[in-house]
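First comes the structure, then the notes that go with it.
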There are 2 protein chains.
Amino acid sequence: MYSGPMSTSERLIASTQDLLWERGYVGTSPKAIQERAGAGQGSMYHHFSGKPGLALAAIRRTAEQMRAAAEASFSGPGGAGDRLRGYVLRERDVLRGCPVGRLTMDPEVIADPELRRPVEETLTWLRARLAAIVEEGRRDGEFPARLDPAATAATIVATVQGGYVLARAAGSTAPFDAAVQGLLALLGVDGVPEPDPAPGPGGVPGPPGAAPRTGPESGPAEAAG
Amino acid sequence: MYSGPMSTSERLIASTQDLLWERGYVGTSPKAIQERAGAGQGSMYHHFSGKPGLALAAIRRTAEQMRAAAEASFSGPGGAGDRLRGYVLRERDVLRGCPVGRLTMDPEVIADPELRRPVEETLTWLRARLAAIVEEGRRDGEFPARLDPAATAATIVATVQGGYVLARAAGSTAPFDAAVQGLLALLGVDGVPEPDPAPGPGGVPGPPGAAPRTGPESGPAEAAG
DNA sequence: GTCTATATCCAGATAGAC
DNA sequence: GTCTATCTGGATATAGAC
């Protein structure tokens, strides 16, 4: 991923990606985009048709990036269970939420078929890709044969997307981690693989047992997914 | 729930609840609230301190209503599995999303501790309530003893919240239904209970098997949850 | 309690010079 | 390609009459 000096139009796209992630479509003004990109109004309206056009370019870019990041987990080494665990446990900027899923709450994005399409395609691709992995694991005897791959895939994606919601509500990553550990346990793909295996108290009242990752949060501005 | 003629301040609160659900905090203007409530500017600023004050009243109201609606499922008849299934399958305005979870994507809500608190409390309550039900089912032998109640509860809430995201992205309730059926299958609480048991094709590429409810969507403006 | 000014600033964009 | 006006309207109030 080239990240040397960027052209004005690239900077405008990148700034819009950031702002759409942070504040959504309705909450993002042309002025804010221009300021963050270090560009004037003229530049923005020279390169793009207006806010919707620029948002479309930004959303497409974000969707591409999220796919690439997810595919890195999917096509990694190991069996279906390993790759599935790798995907749900992969490093994420949890408190920022998912830059694609977030757009789903934007009425103007949902109302505009062009803006919605990349969002829909990305999430549909994700479900299909996960369904294939569940199917593979089922064939290999890693998962119970009774699992419906498409439904299970939807549950996996939903758990991740909903995990962001719980984390942002709580102001903590703990509920995200709890949701993901609960999912892995239900799938029979248990165990914390990466570092920091010391279990701490969960973020919710009731019996303990979840093993939240307690690592740092505000990391790189990469796609979450 | 009394729903006769409402005072101006009640109409302002109700209108704000609707608009926060549809468009979020940043996307909701005082003017839009006033128009929907049939009230003038003066009335709004007489009864409330401004947009944040009115939003706080509306968010608290929505949180109360969602709790009441969820509690109706939780305290209903049947075993833990029945009540859990009743909760996740209960009628929802899926394409509208969750009026509480939605606020989580609003930067101004998350940044303001007063506005965030009702959101956090509601979702935390929901997890605790579900954890107790999972725990109960575990004791009764309905669920595997190895399940962690808190983590499983987080997974359940996350699946529902993420199901809304998938449904809105797809412009269809099918992925929500698929996610929920996948969850129930993982929990070993199978079967479509209510009407319309004829399974249709799922909304995702890959092997079929999910049984989406295909009923009407735009129903009453009640809390989803 | 409700209404109609009035005020300031920002959103979103166009025009045209450089 | 980029910049600085300039424009119309909405966001978010305050003031004060009724």
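Identifiers in the structure tokens: chain A, B, ... in order shown; residue index from 1 per chain; ligand index from 1 in order shown.
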
Practice item. Compute the set of chain B residues within 12 Å of chain D, using only C-alpha atoms (C1' of nucleotides), and express it as a list in words. Key: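 The contacting residues on chain B are Val26, Gly27, Thr28, Ser29, Pro30, Lys31, Ala32, Gln41, Gly42, Met44, Tyr45, His46, Ser49, Gly50, Lys51 and Pro52 of chain B.
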
Since we have the selection now, will you write its residues out, keeping C-alpha atoms, as an mmCIF file, in the first residue's frame?
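selection-v7.cif, written as the output of this step:
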data_model
loop_
_atom_site.group_PDB
_atom_site.id
_atom_site.type_symbol
_atom_site.label_atom_id
_atom_site.label_comp_id
_atom_site.auth_asym_id
_atom_site.auth_seq_id
_atom_site.Cartn_x
_atom_site.Cartn_y
_atom_site.Cartn_z
ATOM 1 C CA VAL B 26 -26.483 14.722 14.165
ATOM 2 C CA GLY B 27 -29.100 14.229 11.481
ATOM 3 C CA THR B 28 -31.941 15.614 13.573
ATOM 4 C CA SER B 29 -32.600 19.359 13.595
ATOM 5 C CA PRO B 30 -34.697 21.336 16.048
ATOM 6 C CA LYS B 31 -36.737 22.563 13.127
ATOM 7 C CA ALA B 32 -37.589 19.031 12.018
ATOM 8 C CA GLN B 41 -39.658 27.175 18.351
ATOM 9 C CA GLY B 42 -40.737 29.018 21.427
ATOM 10 C CA MET B 44 -39.477 23.780 22.384
ATOM 11 C CA TYR B 45 -37.135 26.205 24.113
ATOM 12 C CA HIS B 46 -39.699 26.814 26.818
ATOM 13 C CA SER B 49 -32.982 23.612 27.445
ATOM 14 C CA GLY B 50 -32.158 22.971 23.785
ATOM 15 C CA LYS B 51 -31.422 20.101 21.481
ATOM 16 C CA PRO B 52 -29.260 18.135 23.946
#

Exercise for review: Just need the residues of chain C within 8 Å of chain A, counting only C-alpha atoms (C1' of nucleotides), so spit them out as number ranges by chain.
Suggested key: C: 11-13

Store the residues picked out above, limited to N, CA and C atoms (P, O5', C5', C4', C3', O3' and C1' of nucleotides), as a PDB file, in the first residue's frame.
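The file below, selection37.pdb, is the result:
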ATOM      1  P    DA C  11     -20.476  22.956   8.437  1.00  0.00           P
ATOM      2  O5'  DA C  11     -21.669  22.665   7.419  1.00  0.00           O
ATOM      3  C5'  DA C  11     -22.982  22.442   7.897  1.00  0.00           C
ATOM      4  C4'  DA C  11     -23.893  22.135   6.718  1.00  0.00           C
ATOM      5  C3'  DA C  11     -23.244  21.348   5.584  1.00  0.00           C
ATOM      6  O3'  DA C  11     -24.218  20.465   5.055  1.00  0.00           O
ATOM      7  C1'  DA C  11     -23.891  23.504   4.796  1.00  0.00           C
ATOM      8  P    DG C  12     -23.807  19.340   4.032  1.00  0.00           P
ATOM      9  O5'  DG C  12     -23.840  20.073   2.622  1.00  0.00           O
ATOM     10  C5'  DG C  12     -25.088  20.491   2.094  1.00  0.00           C
ATOM     11  C4'  DG C  12     -24.837  21.287   0.857  1.00  0.00           C
ATOM     12  C3'  DG C  12     -23.805  20.671  -0.097  1.00  0.00           C
ATOM     13  O3'  DG C  12     -24.436  20.443  -1.339  1.00  0.00           O
ATOM     14  C1'  DG C  12     -23.467  22.984   0.192  1.00  0.00           C
ATOM     15  P    DA C  13     -23.623  19.660  -2.520  1.00  0.00           P
ATOM     16  O5'  DA C  13     -23.254  20.853  -3.523  1.00  0.00           O
ATOM     17  C5'  DA C  13     -24.341  21.684  -3.856  1.00  0.00           C
ATOM     18  C4'  DA C  13     -23.875  23.044  -4.267  1.00  0.00           C
ATOM     19  C3'  DA C  13     -22.935  23.069  -5.474  1.00  0.00           C
ATOM     20  O3'  DA C  13     -23.686  23.390  -6.637  1.00  0.00           O
ATOM     21  C1'  DA C  13     -22.516  24.798  -3.877  1.00  0.00           C
TER      22       DA C  13
END

Exercise for review: From a DSSP pass on the backbone, collect the residues of region 53-183 of chain A flagged as helix (DSSP H, G or I) and hand them back as a PyMOL selection string.
Suggested key: chain A and resi 53-74+80-89+94-96+101-105+107-111+113-139+149-170+174-183

Revision key, fill the gap. From the list B:Leu186, B:Ala39, B:Ala72, B:Ala174, the nearest residue to chain A using only C-alpha atoms is B:Leu186
